[in-house]
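What follows is a single structure, written as structure tokens, with notes after it.
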Amino acid sequence: MEKIVVLATGGTIAGEAASAAEAVAYQAAQRPVAALLEAAQALGDGRHALEARQLVQIDSKDMEIAIWQQLAQACADALARPDVRAVVITHGTDTLEETAYFLQRVLAAAPGSWQQQGKAVVLTAAMRPATARLSDGPQNLADALTLAADARACGVLAVVAGKVFAASEVSKIHPYRLDAFSPGDAGLLAWMEEGSVRWLRTAAPWPQADSRLWRQVQDTPASDWPWVELLASHACSSARALQALLQAGVHGLVLSGTGNATLHHSLEQAATLAQQQGVPVWRSSRCLAGHVVPGAAAAVPLALEDGLPLTPVKARIVLLLDLLLKAS
Ligand code: SIN
């Protein structure tokens with residue numbers, strides 16, 4: 001039987017509170033991976049051959065480039081093994097969509113032929129700590145193992161609350177509900193039902209990627225990565241925050257625009273000047289649902305992937321990796 005490698009990184013799924021009634025005041029990233037797996041397997045599903053590793057133990061709001069590098073390397077090492085079918089990552093919900101998207105971009109460039117074999121990375125998380133009376137972690141982890149073992153799972157996916165998402169489409173949209181993630185207009189990839197996967201559409205194959213990206217990601221110390229910031233356009237925006245970032249040496253900016261990725265005129269003017277100084281600035285939308293409808297070319301370009309607009313946090317990752325590759 002092919003193995004699933006489980007990499008644990010912390011989050012609420014590994015969180016602990018003082019009482020079983022507590023689902024808000026708790027400490028994330030406390031329980032070790034062995035305890036998480038024990039709880040998932042207690043749901044009756046012991047059919048997978050597993051190998052587990054506690055990679056880090058953090059609240060995902062504190063995610064760092066060095067951890068992303070470590071995670072990408074651990075995934076690539078596991079997926080290159082002929083006895084491994086997939087990797088499951090336990091993660092905090094807060095930056096799950098960023099780690100998922102980062103891994104989708106970066107692992108596509110990793111050496112080996114496992115991408116053509118359609119191997120998968122599945123991220124999962126929980127909204128309630130492991131100590132909660134009705135914790136969602138064990139079921140979510142059990143679902144992630146089932147999904148990872150499914151031969152149709154390919155690329156980087158996420159599963160939470162019985163819903164399966166593609167890395168490029170998943171976003172956290174709710175701070176409390178168990179059903180906290182949405183695929184936006186793209187719709188779900190699949191549903192988890194009674195220990196099996198009901199696919200609604202085919203998971204996309206790993207994208208083509210420049211293999212130099214992998215070396216840059218692994219060989220560039222975290223302290224030398226480009227500095228790319230996210231700034232929102234809002235009522236009464238001024239140019240000052242952008243100018244301060246430029247002065248502080250920012251290498252790239254993503255502006256989280258209003259509505260259809262529009263920018264306050266002061267910010268737009270400052271962004272145009274920043275571009276003239278060689279600092280790339282991209283636009284995205286701060287709207288939670290739907291996505292930007294590309295219109296006429298504008299001074300500040302829209303952040304796109306394969307012609308589709310990106311959310312601000314994903315646009316930031318694309319710009320970060322673009323700048324990292326350009327530095328090679
Ligand atoms: C985290 O993102 O690590 C904490 C919050 C969560 O997992 O829901």
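Here's how to read the names in the structure tokens: chain A, B, ... by the order shown, residue numbers from 1 in each chain, ligand numbers from 1 in the order shown.
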
Return as a compact mmCIF listing (two decimals) with all heavy atoms, in the first residue's frame the residues of protein, DNA or RNA that approach ligand 1 to within 10 Å, with only C-alpha atoms and all ligand atoms taken into account.
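Now in part-v1.txt:
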```
# COMPACT_ATOMS: atom_id res chain seq x y z
N THR A 9 2.04 21.19 11.31
CA THR A 9 2.63 22.53 11.48
C THR A 9 1.99 23.32 12.62
O THR A 9 2.41 24.44 12.88
CB THR A 9 2.52 23.35 10.18
OG1 THR A 9 1.14 23.68 9.96
CG2 THR A 9 3.10 22.62 8.98
N GLY A 10 0.96 22.79 13.27
CA GLY A 10 0.31 23.52 14.38
C GLY A 10 -1.10 23.91 14.04
O GLY A 10 -1.84 23.15 13.41
N GLY A 11 -1.52 25.12 14.45
CA GLY A 11 -2.88 25.59 14.18
C GLY A 11 -3.87 25.19 15.26
O GLY A 11 -3.53 24.50 16.23
N THR A 12 -5.11 25.58 15.04
CA THR A 12 -6.19 25.24 15.98
C THR A 12 -6.45 23.75 16.01
O THR A 12 -6.87 23.21 17.03
CB THR A 12 -7.46 26.01 15.58
OG1 THR A 12 -7.20 27.40 15.75
CG2 THR A 12 -8.66 25.64 16.40
N ILE A 13 -6.18 23.08 14.92
CA ILE A 13 -6.39 21.63 14.88
C ILE A 13 -5.54 20.96 15.97
O ILE A 13 -5.90 19.91 16.49
CB ILE A 13 -6.10 21.07 13.46
CG1 ILE A 13 -6.61 19.64 13.32
CG2 ILE A 13 -4.61 21.16 13.09
CD1 ILE A 13 -6.63 19.13 11.88
N ALA A 14 -4.44 21.61 16.35
CA ALA A 14 -3.59 21.10 17.42
C ALA A 14 -3.72 21.98 18.67
O ALA A 14 -2.85 21.96 19.54
CB ALA A 14 -2.14 21.08 16.96
N GLY A 15 -4.82 22.73 18.76
CA GLY A 15 -4.99 23.67 19.86
C GLY A 15 -5.58 23.04 21.11
O GLY A 15 -6.24 22.00 21.05
N VAL A 24 -13.04 29.47 21.72
CA VAL A 24 -12.45 30.73 21.26
C VAL A 24 -11.16 31.06 22.03
O VAL A 24 -10.13 31.36 21.42
CB VAL A 24 -13.47 31.90 21.39
CG1 VAL A 24 -12.81 33.22 21.03
CG2 VAL A 24 -14.66 31.66 20.46
N TYR A 26 -8.27 29.77 23.45
CA TYR A 26 -7.45 28.55 23.49
C TYR A 26 -6.07 28.90 22.96
O TYR A 26 -5.85 29.97 22.39
CB TYR A 26 -8.09 27.42 22.66
CG TYR A 26 -8.23 27.77 21.19
CD1 TYR A 26 -7.19 27.54 20.29
CD2 TYR A 26 -9.39 28.36 20.71
CE1 TYR A 26 -7.30 27.90 18.95
CE2 TYR A 26 -9.51 28.72 19.37
CZ TYR A 26 -8.46 28.49 18.51
OH TYR A 26 -8.56 28.85 17.19
N GLN A 27 -5.17 27.95 23.12
CA GLN A 27 -3.81 28.13 22.61
C GLN A 27 -3.67 27.23 21.38
O GLN A 27 -3.84 26.01 21.51
CB GLN A 27 -2.85 27.68 23.73
CG GLN A 27 -1.43 28.17 23.59
CD GLN A 27 -1.32 29.66 23.91
OE1 GLN A 27 -2.02 30.15 24.79
NE2 GLN A 27 -0.47 30.35 23.18
N ALA A 28 -3.39 27.83 20.24
CA ALA A 28 -3.18 27.01 19.03
C ALA A 28 -1.84 26.28 19.14
O ALA A 28 -0.99 26.64 19.97
CB ALA A 28 -3.20 27.90 17.79
N ALA A 29 -1.66 25.25 18.33
CA ALA A 29 -0.36 24.59 18.17
C ALA A 29 0.21 24.00 19.46
O ALA A 29 1.29 24.37 19.91
CB ALA A 29 0.63 25.60 17.57
N GLN A 57 5.54 23.83 15.14
CA GLN A 57 4.32 23.89 15.97
C GLN A 57 4.00 25.36 16.17
O GLN A 57 4.46 26.01 17.11
CB GLN A 57 4.62 23.15 17.29
CG GLN A 57 3.47 22.89 18.22
CD GLN A 57 2.39 21.96 17.70
OE1 GLN A 57 1.65 22.32 16.76
NE2 GLN A 57 2.23 20.79 18.30
N ILE A 58 3.26 25.94 15.19
CA ILE A 58 3.01 27.39 15.22
C ILE A 58 1.53 27.73 15.01
O ILE A 58 0.78 26.92 14.46
CB ILE A 58 3.83 28.15 14.14
CG1 ILE A 58 3.41 27.71 12.74
CG2 ILE A 58 5.32 28.01 14.34
CD1 ILE A 58 3.69 28.73 11.66
N ASP A 59 1.18 28.93 15.41
CA ASP A 59 -0.09 29.54 15.04
C ASP A 59 0.16 30.08 13.62
O ASP A 59 1.14 30.81 13.41
CB ASP A 59 -0.37 30.69 16.02
CG ASP A 59 -1.73 31.30 15.82
OD1 ASP A 59 -2.11 31.52 14.65
OD2 ASP A 59 -2.41 31.60 16.81
N SER A 60 -0.68 29.73 12.66
CA SER A 60 -0.32 30.04 11.27
C SER A 60 -0.33 31.53 10.96
O SER A 60 0.18 31.94 9.91
CB SER A 60 -1.21 29.27 10.29
OG SER A 60 -2.46 29.90 10.13
N LYS A 61 -0.87 32.36 11.85
CA LYS A 61 -0.75 33.81 11.63
C LYS A 61 0.72 34.22 11.65
O LYS A 61 1.09 35.27 11.14
CB LYS A 61 -1.56 34.60 12.67
CG LYS A 61 -0.95 34.57 14.06
CD LYS A 61 -1.75 35.36 15.07
CE LYS A 61 -1.21 35.20 16.49
NZ LYS A 61 0.21 35.52 16.66
N ASP A 62 1.56 33.39 12.28
CA ASP A 62 2.98 33.70 12.40
C ASP A 62 3.83 32.98 11.34
O ASP A 62 5.04 32.80 11.54
CB ASP A 62 3.48 33.31 13.81
CG ASP A 62 2.75 34.07 14.89
OD1 ASP A 62 2.44 35.26 14.67
OD2 ASP A 62 2.46 33.48 15.95
N MET A 63 3.22 32.57 10.26
CA MET A 63 3.97 31.86 9.20
C MET A 63 5.12 32.72 8.70
O MET A 63 5.01 33.93 8.59
CB MET A 63 3.00 31.51 8.05
CG MET A 63 3.63 30.70 6.95
SD MET A 63 4.46 29.21 7.53
CE MET A 63 3.10 28.13 7.94
N THR A 90 -1.20 19.31 8.28
CA THR A 90 -2.13 19.93 9.23
C THR A 90 -1.62 21.35 9.47
O THR A 90 -0.42 21.58 9.67
CB THR A 90 -2.21 19.14 10.55
OG1 THR A 90 -0.92 19.05 11.14
CG2 THR A 90 -2.77 17.75 10.32
N HIS A 91 -2.54 22.31 9.43
CA HIS A 91 -2.16 23.73 9.33
C HIS A 91 -3.19 24.57 10.06
O HIS A 91 -4.35 24.15 10.22
CB HIS A 91 -2.14 24.11 7.84
CG HIS A 91 -1.37 25.33 7.48
ND1 HIS A 91 -1.84 26.60 7.70
CD2 HIS A 91 -0.15 25.48 6.90
CE1 HIS A 91 -0.94 27.49 7.27
NE2 HIS A 91 0.10 26.83 6.79
N GLY A 92 -2.84 25.77 10.44
CA GLY A 92 -3.83 26.70 10.96
C GLY A 92 -4.72 27.20 9.83
O GLY A 92 -4.30 27.23 8.67
N THR A 93 -5.93 27.62 10.17
CA THR A 93 -6.83 28.08 9.11
C THR A 93 -6.45 29.48 8.59
O THR A 93 -6.76 29.83 7.46
CB THR A 93 -8.29 28.18 9.61
OG1 THR A 93 -8.35 29.07 10.73
CG2 THR A 93 -8.84 26.82 10.01
N ASP A 94 -5.78 30.27 9.45
CA ASP A 94 -5.63 31.69 9.13
C ASP A 94 -4.82 31.98 7.87
O ASP A 94 -5.11 32.95 7.16
CB ASP A 94 -5.06 32.45 10.34
CG ASP A 94 -6.10 32.61 11.44
OD1 ASP A 94 -7.31 32.47 11.13
OD2 ASP A 94 -5.72 32.87 12.58
N THR A 95 -3.79 31.21 7.64
CA THR A 95 -3.00 31.45 6.41
C THR A 95 -2.94 30.19 5.54
O THR A 95 -2.06 30.06 4.69
CB THR A 95 -1.55 31.91 6.74
OG1 THR A 95 -0.93 30.90 7.55
CG2 THR A 95 -1.53 33.24 7.46
N LEU A 96 -3.90 29.29 5.75
CA LEU A 96 -3.90 28.05 4.97
C LEU A 96 -3.89 28.32 3.47
O LEU A 96 -3.15 27.69 2.70
CB LEU A 96 -5.11 27.20 5.37
CG LEU A 96 -5.28 25.86 4.66
CD1 LEU A 96 -5.84 24.81 5.61
CD2 LEU A 96 -6.19 25.97 3.44
N THR A 124 -5.18 20.41 5.64
CA THR A 124 -6.41 20.46 6.41
C THR A 124 -6.18 21.24 7.69
O THR A 124 -5.05 21.58 8.05
CB THR A 124 -6.99 19.06 6.68
OG1 THR A 124 -8.35 19.22 7.12
CG2 THR A 124 -6.19 18.28 7.73
N ALA A 125 -7.29 21.56 8.38
CA ALA A 125 -7.23 22.47 9.52
C ALA A 125 -8.49 22.26 10.34
O ALA A 125 -9.30 21.38 10.04
CB ALA A 125 -7.18 23.91 8.98
N ALA A 126 -8.65 23.06 11.38
CA ALA A 126 -9.88 22.99 12.17
C ALA A 126 -10.20 24.37 12.72
O ALA A 126 -9.31 25.20 12.89
CB ALA A 126 -9.72 22.00 13.32
N MET A 127 -11.48 24.58 12.99
CA MET A 127 -11.91 25.86 13.57
C MET A 127 -12.05 25.75 15.08
O MET A 127 -12.16 26.76 15.77
CB MET A 127 -13.23 26.29 12.93
CG MET A 127 -13.09 26.68 11.47
SD MET A 127 -12.00 28.11 11.24
CE MET A 127 -13.03 29.43 11.90
N ARG A 128 -12.12 24.52 15.60
CA ARG A 128 -12.22 24.35 17.06
C ARG A 128 -11.00 23.59 17.55
O ARG A 128 -10.52 22.68 16.85
CB ARG A 128 -13.48 23.56 17.41
CG ARG A 128 -14.74 24.33 17.16
CD ARG A 128 -15.94 23.57 17.67
NE ARG A 128 -17.17 24.25 17.30
CZ ARG A 128 -18.31 23.63 17.04
NH1 ARG A 128 -18.38 22.31 17.10
NH2 ARG A 128 -19.38 24.32 16.73
N PRO A 129 -10.54 23.91 18.75
CA PRO A 129 -9.34 23.23 19.26
C PRO A 129 -9.59 21.74 19.51
O PRO A 129 -10.73 21.29 19.59
CB PRO A 129 -9.06 23.96 20.57
CG PRO A 129 -10.35 24.58 20.97
CD PRO A 129 -11.08 24.90 19.71
N GLY A 137 -11.48 18.89 14.14
CA GLY A 137 -10.18 18.45 13.66
C GLY A 137 -10.11 16.98 13.26
O GLY A 137 -9.64 16.65 12.16
N LYS A 172 -10.28 31.69 3.17
CA LYS A 172 -11.01 31.69 4.45
C LYS A 172 -11.94 32.89 4.44
O LYS A 172 -11.50 34.01 4.21
CB LYS A 172 -10.04 31.76 5.64
CG LYS A 172 -10.76 31.66 6.98
CD LYS A 172 -9.80 31.55 8.15
CE LYS A 172 -10.60 31.53 9.45
NZ LYS A 172 -9.74 31.45 10.65
N PRO A 175 -14.60 33.97 10.41
CA PRO A 175 -13.67 33.82 11.54
C PRO A 175 -14.07 32.77 12.56
O PRO A 175 -13.30 32.46 13.46
CB PRO A 175 -13.70 35.22 12.18
CG PRO A 175 -15.05 35.74 11.86
CD PRO A 175 -15.44 35.16 10.53
N TYR A 176 -15.26 32.19 12.48
CA TYR A 176 -15.73 31.33 13.58
C TYR A 176 -16.40 30.03 13.11
O TYR A 176 -16.18 28.98 13.71
CB TYR A 176 -16.72 32.12 14.45
CG TYR A 176 -17.23 31.34 15.63
CD1 TYR A 176 -16.41 31.09 16.73
CD2 TYR A 176 -18.53 30.83 15.65
CE1 TYR A 176 -16.88 30.35 17.81
CE2 TYR A 176 -19.00 30.10 16.73
CZ TYR A 176 -18.17 29.86 17.81
OH TYR A 176 -18.63 29.14 18.87
N ARG A 177 -17.21 30.12 12.06
CA ARG A 177 -17.98 28.95 11.60
C ARG A 177 -17.07 27.78 11.25
O ARG A 177 -15.97 27.99 10.74
CB ARG A 177 -18.74 29.31 10.32
CG ARG A 177 -20.09 29.85 10.53
CD ARG A 177 -20.95 29.89 9.28
NE ARG A 177 -20.26 30.02 8.01
CZ ARG A 177 -20.62 30.90 7.08
NH1 ARG A 177 -21.60 31.75 7.30
NH2 ARG A 177 -20.00 30.93 5.94
N LEU A 178 -17.55 26.55 11.47
CA LEU A 178 -16.75 25.38 11.06
C LEU A 178 -16.56 25.37 9.55
O LEU A 178 -15.52 24.97 9.04
CB LEU A 178 -17.46 24.08 11.48
CG LEU A 178 -17.74 23.89 12.97
CD1 LEU A 178 -18.23 22.48 13.25
CD2 LEU A 178 -16.52 24.19 13.82
N ALA A 180 -15.70 27.41 7.25
CA ALA A 180 -15.11 28.76 7.17
C ALA A 180 -14.48 29.08 5.83
O ALA A 180 -14.00 30.19 5.64
CB ALA A 180 -14.07 28.90 8.27
```

Residue set, region 155-275 of chain A restricted to alpha helix (DSSP H), as a VMD selection string: chain A and resid 211 to 219 240 to 248 265 to 275

Would you export the selected residues with C-alpha atoms as a PDB file, in the first residue's frame, please?
```
ATOM      1  CA  SER A 211      12.754  24.790 -12.493  1.00  0.00           C
ATOM      2  CA  ARG A 212      15.011  27.729 -11.524  1.00  0.00           C
ATOM      3  CA  LEU A 213      12.257  28.798  -9.127  1.00  0.00           C
ATOM      4  CA  TRP A 214      12.837  25.706  -6.995  1.00  0.00           C
ATOM      5  CA  ARG A 215      16.545  26.429  -6.585  1.00  0.00           C
ATOM      6  CA  GLN A 216      15.874  30.080  -5.813  1.00  0.00           C
ATOM      7  CA  VAL A 217      13.293  29.164  -3.171  1.00  0.00           C
ATOM      8  CA  GLN A 218      15.624  26.681  -1.504  1.00  0.00           C
ATOM      9  CA  ASP A 219      18.941  28.514  -1.910  1.00  0.00           C
ATOM     10  CA  ARG A 240       1.690  58.343   2.672  1.00  0.00           C
ATOM     11  CA  ALA A 241       1.722  54.643   3.589  1.00  0.00           C
ATOM     12  CA  LEU A 242       2.904  53.699   0.104  1.00  0.00           C
ATOM     13  CA  GLN A 243       5.559  56.415   0.143  1.00  0.00           C
ATOM     14  CA  ALA A 244       6.772  55.246   3.573  1.00  0.00           C
ATOM     15  CA  LEU A 245       7.078  51.692   2.267  1.00  0.00           C
ATOM     16  CA  LEU A 246       9.056  52.900  -0.743  1.00  0.00           C
ATOM     17  CA  GLN A 247      11.349  54.870   1.497  1.00  0.00           C
ATOM     18  CA  ALA A 248      11.843  51.826   3.713  1.00  0.00           C
ATOM     19  CA  HIS A 265      -6.737  58.534  -6.783  1.00  0.00           C
ATOM     20  CA  SER A 266      -3.995  59.454  -4.258  1.00  0.00           C
ATOM     21  CA  LEU A 267      -2.888  55.854  -4.007  1.00  0.00           C
ATOM     22  CA  GLU A 268      -3.070  55.338  -7.766  1.00  0.00           C
ATOM     23  CA  GLN A 269      -0.862  58.361  -8.355  1.00  0.00           C
ATOM     24  CA  ALA A 270       1.706  57.155  -5.791  1.00  0.00           C
ATOM     25  CA  ALA A 271       1.596  53.643  -7.279  1.00  0.00           C
ATOM     26  CA  THR A 272       2.289  55.005 -10.764  1.00  0.00           C
ATOM     27  CA  LEU A 273       5.318  56.877  -9.431  1.00  0.00           C
ATOM     28  CA  ALA A 274       6.532  53.745  -7.613  1.00  0.00           C
ATOM     29  CA  GLN A 275       6.398  51.822 -10.888  1.00  0.00           C
TER      30      GLN A 275
END
```

Contacts of region 72-82 of chain A at 12 Å (only C-alpha atoms; same-chain gap of 6+ positions) as an NGL selection string: :A and (1-9 or 50-56 or 65-66 or 88-89 or 99-123 or 148 or 154-156 or 214-215 or 217-219)

Dump of N, CA and C atoms for the selected residues, as a compact mmCIF listing (two decimals), in the first residue's frame:
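Saved result, part_23.txt, follows:
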```txt
# COMPACT_ATOMS: atom_id res chain seq x y z
N MET A 1 0.85 -1.20 0.00
CA MET A 1 0.00 0.00 0.00
C MET A 1 0.89 1.26 0.00
N GLU A 2 0.57 2.22 -0.85
CA GLU A 2 1.36 3.46 -0.88
C GLU A 2 1.12 4.26 0.41
N LYS A 3 2.18 4.96 0.80
CA LYS A 3 2.10 5.69 2.07
C LYS A 3 1.59 7.12 1.89
N ILE A 4 1.07 7.64 2.99
CA ILE A 4 0.76 9.08 3.07
C ILE A 4 1.68 9.64 4.15
N VAL A 5 2.40 10.69 3.80
CA VAL A 5 3.27 11.34 4.78
C VAL A 5 2.49 12.52 5.37
N VAL A 6 2.39 12.55 6.69
CA VAL A 6 1.65 13.63 7.37
C VAL A 6 2.67 14.59 7.99
N LEU A 7 2.58 15.85 7.59
CA LEU A 7 3.47 16.89 8.13
C LEU A 7 2.62 17.83 8.98
N ALA A 8 2.96 17.94 10.23
CA ALA A 8 2.15 18.77 11.14
C ALA A 8 2.84 20.11 11.36
N THR A 9 2.04 21.19 11.31
CA THR A 9 2.63 22.53 11.48
C THR A 9 1.99 23.32 12.62
N LEU A 50 0.70 5.21 7.14
CA LEU A 50 1.08 6.60 7.43
C LEU A 50 2.50 6.71 7.96
N GLU A 51 3.06 7.88 7.70
CA GLU A 51 4.35 8.23 8.29
C GLU A 51 4.16 9.69 8.72
N ALA A 52 4.45 10.01 9.97
CA ALA A 52 4.13 11.37 10.44
C ALA A 52 5.36 12.08 10.96
N ARG A 53 5.33 13.41 10.78
CA ARG A 53 6.45 14.22 11.24
C ARG A 53 5.93 15.57 11.74
N GLN A 54 6.39 15.96 12.91
CA GLN A 54 6.04 17.28 13.44
C GLN A 54 7.05 18.28 12.88
N LEU A 55 6.65 19.02 11.87
CA LEU A 55 7.62 19.90 11.20
C LEU A 55 7.90 21.15 12.02
N VAL A 56 6.81 21.83 12.42
CA VAL A 56 6.90 22.97 13.33
C VAL A 56 5.64 22.93 14.18
N ILE A 65 8.78 32.80 5.95
CA ILE A 65 9.39 32.25 4.72
C ILE A 65 10.24 31.02 5.04
N ALA A 66 11.00 31.06 6.12
CA ALA A 66 11.87 29.92 6.45
C ALA A 66 11.05 28.64 6.66
N VAL A 88 -0.08 14.93 3.52
CA VAL A 88 -1.15 15.68 4.20
C VAL A 88 -0.48 16.65 5.15
N ILE A 89 -0.94 17.90 5.14
CA ILE A 89 -0.37 18.92 6.03
C ILE A 89 -1.47 19.40 6.98
N THR A 99 -0.30 29.28 2.30
CA THR A 99 0.64 28.15 2.25
C THR A 99 0.26 27.22 1.09
N ALA A 100 -1.03 26.96 0.94
CA ALA A 100 -1.48 26.06 -0.13
C ALA A 100 -1.05 26.60 -1.49
N TYR A 101 -1.27 27.89 -1.69
CA TYR A 101 -0.96 28.48 -2.99
C TYR A 101 0.55 28.57 -3.22
N PHE A 102 1.27 28.91 -2.15
CA PHE A 102 2.74 28.94 -2.25
C PHE A 102 3.25 27.55 -2.67
N LEU A 103 2.75 26.51 -2.02
CA LEU A 103 3.22 25.16 -2.34
C LEU A 103 2.84 24.75 -3.76
N GLN A 104 1.64 25.15 -4.19
CA GLN A 104 1.21 24.83 -5.55
C GLN A 104 2.19 25.40 -6.57
N ARG A 105 2.58 26.65 -6.35
CA ARG A 105 3.51 27.31 -7.30
C ARG A 105 4.91 26.71 -7.23
N VAL A 106 5.37 26.48 -6.01
CA VAL A 106 6.77 26.12 -5.81
C VAL A 106 7.02 24.62 -6.08
N LEU A 107 6.13 23.77 -5.61
CA LEU A 107 6.34 22.33 -5.82
C LEU A 107 6.23 21.95 -7.29
N ALA A 108 5.48 22.75 -8.05
CA ALA A 108 5.39 22.49 -9.50
C ALA A 108 6.77 22.58 -10.14
N ALA A 109 7.68 23.34 -9.50
CA ALA A 109 9.03 23.55 -10.05
C ALA A 109 10.05 22.59 -9.43
N ALA A 110 9.63 21.76 -8.52
CA ALA A 110 10.57 20.87 -7.81
C ALA A 110 11.06 19.76 -8.74
N PRO A 111 12.28 19.26 -8.49
CA PRO A 111 12.81 18.21 -9.38
C PRO A 111 12.04 16.89 -9.22
N GLY A 112 12.15 16.06 -10.26
CA GLY A 112 11.50 14.74 -10.20
C GLY A 112 10.37 14.65 -11.21
N SER A 113 9.81 13.45 -11.29
CA SER A 113 8.73 13.25 -12.26
C SER A 113 7.42 12.94 -11.54
N TRP A 114 7.40 13.17 -10.23
CA TRP A 114 6.20 12.81 -9.47
C TRP A 114 5.00 13.70 -9.83
N GLN A 115 5.27 14.90 -10.36
CA GLN A 115 4.15 15.77 -10.76
C GLN A 115 3.35 15.09 -11.88
N GLN A 116 4.10 14.46 -12.84
CA GLN A 116 3.41 13.77 -13.95
C GLN A 116 2.65 12.54 -13.45
N GLN A 117 3.07 12.01 -12.30
CA GLN A 117 2.36 10.85 -11.74
C GLN A 117 1.09 11.28 -10.99
N GLY A 118 0.87 12.59 -10.93
CA GLY A 118 -0.38 13.10 -10.32
C GLY A 118 -0.42 12.96 -8.81
N LYS A 119 0.72 13.12 -8.16
CA LYS A 119 0.70 13.04 -6.69
C LYS A 119 0.07 14.31 -6.10
N ALA A 120 -0.29 14.22 -4.82
CA ALA A 120 -1.06 15.33 -4.23
C ALA A 120 -0.52 15.76 -2.87
N VAL A 121 -0.81 17.02 -2.56
CA VAL A 121 -0.58 17.57 -1.22
C VAL A 121 -1.96 18.05 -0.74
N VAL A 122 -2.36 17.60 0.43
CA VAL A 122 -3.68 17.96 0.95
C VAL A 122 -3.51 18.69 2.29
N LEU A 123 -3.99 19.93 2.33
CA LEU A 123 -3.93 20.66 3.60
C LEU A 123 -5.27 20.54 4.32
N ALA A 148 -6.25 12.19 0.25
CA ALA A 148 -4.86 12.00 -0.19
C ALA A 148 -4.67 10.62 -0.83
N CYS A 154 -4.88 15.44 -7.12
CA CYS A 154 -3.65 15.85 -7.81
C CYS A 154 -3.38 17.33 -7.50
N GLY A 155 -2.12 17.70 -7.39
CA GLY A 155 -1.77 19.08 -7.08
C GLY A 155 -1.98 19.38 -5.61
N VAL A 156 -2.11 20.66 -5.28
CA VAL A 156 -2.31 21.04 -3.88
C VAL A 156 -3.80 21.31 -3.66
N TRP A 214 12.60 26.61 -8.12
CA TRP A 214 12.84 25.71 -6.99
C TRP A 214 14.18 26.01 -6.33
N ARG A 215 15.21 26.17 -7.14
CA ARG A 215 16.54 26.43 -6.58
C ARG A 215 16.57 27.78 -5.86
N VAL A 217 14.05 29.29 -4.43
CA VAL A 217 13.29 29.16 -3.17
C VAL A 217 14.16 28.48 -2.11
N GLN A 218 14.86 27.44 -2.50
CA GLN A 218 15.62 26.68 -1.50
C GLN A 218 16.96 27.34 -1.16
N ASP A 219 17.58 28.01 -2.14
CA ASP A 219 18.94 28.51 -1.91
C ASP A 219 18.99 29.95 -1.37
```

Distance criterion (only C-alpha atoms): nearest to Pro138 (chain A) out of A:Ser233, A:Ser171, A:Ala35, A:Ala289: A:Ala35

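Of the residues listed (A:Met192, A:Ala166, A:Ala203, A:Leu320), A:Ala203 shows the shortest atom-to-atom separation from Arg152 (chain A); distances use only C-alpha atoms.
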
Selection: 9 Å around Leu319 (chain A), only C-alpha atoms, excl. self and same-chain fewer than 4 positions, as number ranges by chain: A: 228, 252-254, 280-282, 303, 314-315, 323-324

Residues just named, written with N, CA, C and O atoms as a JSON list (two decimals), in the first residue's frame:
```
[["chain", "number", "residue", "atom", "x", "y", "z"],
["A", 228, "VAL", "N", 7.69, 42.11, -0.18],
["A", 228, "VAL", "CA", 6.46, 42.47, -0.92],
["A", 228, "VAL", "C", 5.34, 42.70, 0.08],
["A", 228, "VAL", "O", 5.03, 41.82, 0.89],
["A", 252, "GLY", "N", 8.20, 45.30, -3.78],
["A", 252, "GLY", "CA", 7.00, 45.12, -4.60],
["A", 252, "GLY", "C", 5.77, 45.34, -3.75],
["A", 252, "GLY", "O", 5.81, 45.17, -2.52],
["A", 253, "LEU", "N", 4.67, 45.73, -4.40],
["A", 253, "LEU", "CA", 3.44, 46.03, -3.65],
["A", 253, "LEU", "C", 2.22, 45.44, -4.35],
["A", 253, "LEU", "O", 2.13, 45.48, -5.58],
["A", 254, "VAL", "N", 1.30, 44.96, -3.55],
["A", 254, "VAL", "CA", -0.01, 44.58, -4.07],
["A", 254, "VAL", "C", -1.01, 45.49, -3.39],
["A", 254, "VAL", "O", -1.01, 45.63, -2.16],
["A", 280, "PRO", "N", 7.54, 47.17, -8.77],
["A", 280, "PRO", "CA", 6.29, 46.70, -9.36],
["A", 280, "PRO", "C", 5.11, 46.83, -8.38],
["A", 280, "PRO", "O", 5.26, 46.53, -7.20],
["A", 281, "VAL", "N", 4.00, 47.29, -8.91],
["A", 281, "VAL", "CA", 2.78, 47.41, -8.10],
["A", 281, "VAL", "C", 1.64, 46.75, -8.88],
["A", 281, "VAL", "O", 1.46, 47.03, -10.07],
["A", 282, "TRP", "N", 0.94, 45.85, -8.21],
["A", 282, "TRP", "CA", -0.19, 45.17, -8.84],
["A", 282, "TRP", "C", -1.47, 45.52, -8.08],
["A", 282, "TRP", "O", -1.43, 45.85, -6.90],
["A", 303, "ALA", "N", -3.49, 41.90, -10.97],
["A", 303, "ALA", "CA", -2.79, 40.64, -10.68],
["A", 303, "ALA", "C", -3.59, 39.48, -11.25],
["A", 303, "ALA", "O", -4.73, 39.25, -10.85],
["A", 314, "LYS", "N", -2.93, 36.02, -2.55],
["A", 314, "LYS", "CA", -2.31, 35.15, -3.56],
["A", 314, "LYS", "C", -1.50, 35.98, -4.55],
["A", 314, "LYS", "O", -0.44, 35.55, -5.01],
["A", 315, "ALA", "N", -2.00, 37.15, -4.88],
["A", 315, "ALA", "CA", -1.24, 38.06, -5.76],
["A", 315, "ALA", "C", 0.11, 38.37, -5.11],
["A", 315, "ALA", "O", 1.15, 38.43, -5.78],
["A", 323, "LEU", "N", 9.62, 38.09, -8.26],
["A", 323, "LEU", "CA", 10.81, 38.89, -7.93],
["A", 323, "LEU", "C", 11.97, 38.01, -7.51],
["A", 323, "LEU", "O", 13.13, 38.26, -7.84],
["A", 324, "LEU", "N", 11.65, 36.92, -6.81],
["A", 324, "LEU", "CA", 12.68, 35.98, -6.38],
["A", 324, "LEU", "C", 13.35, 35.34, -7.60],
["A", 324, "LEU", "O", 14.57, 35.22, -7.69]]
```
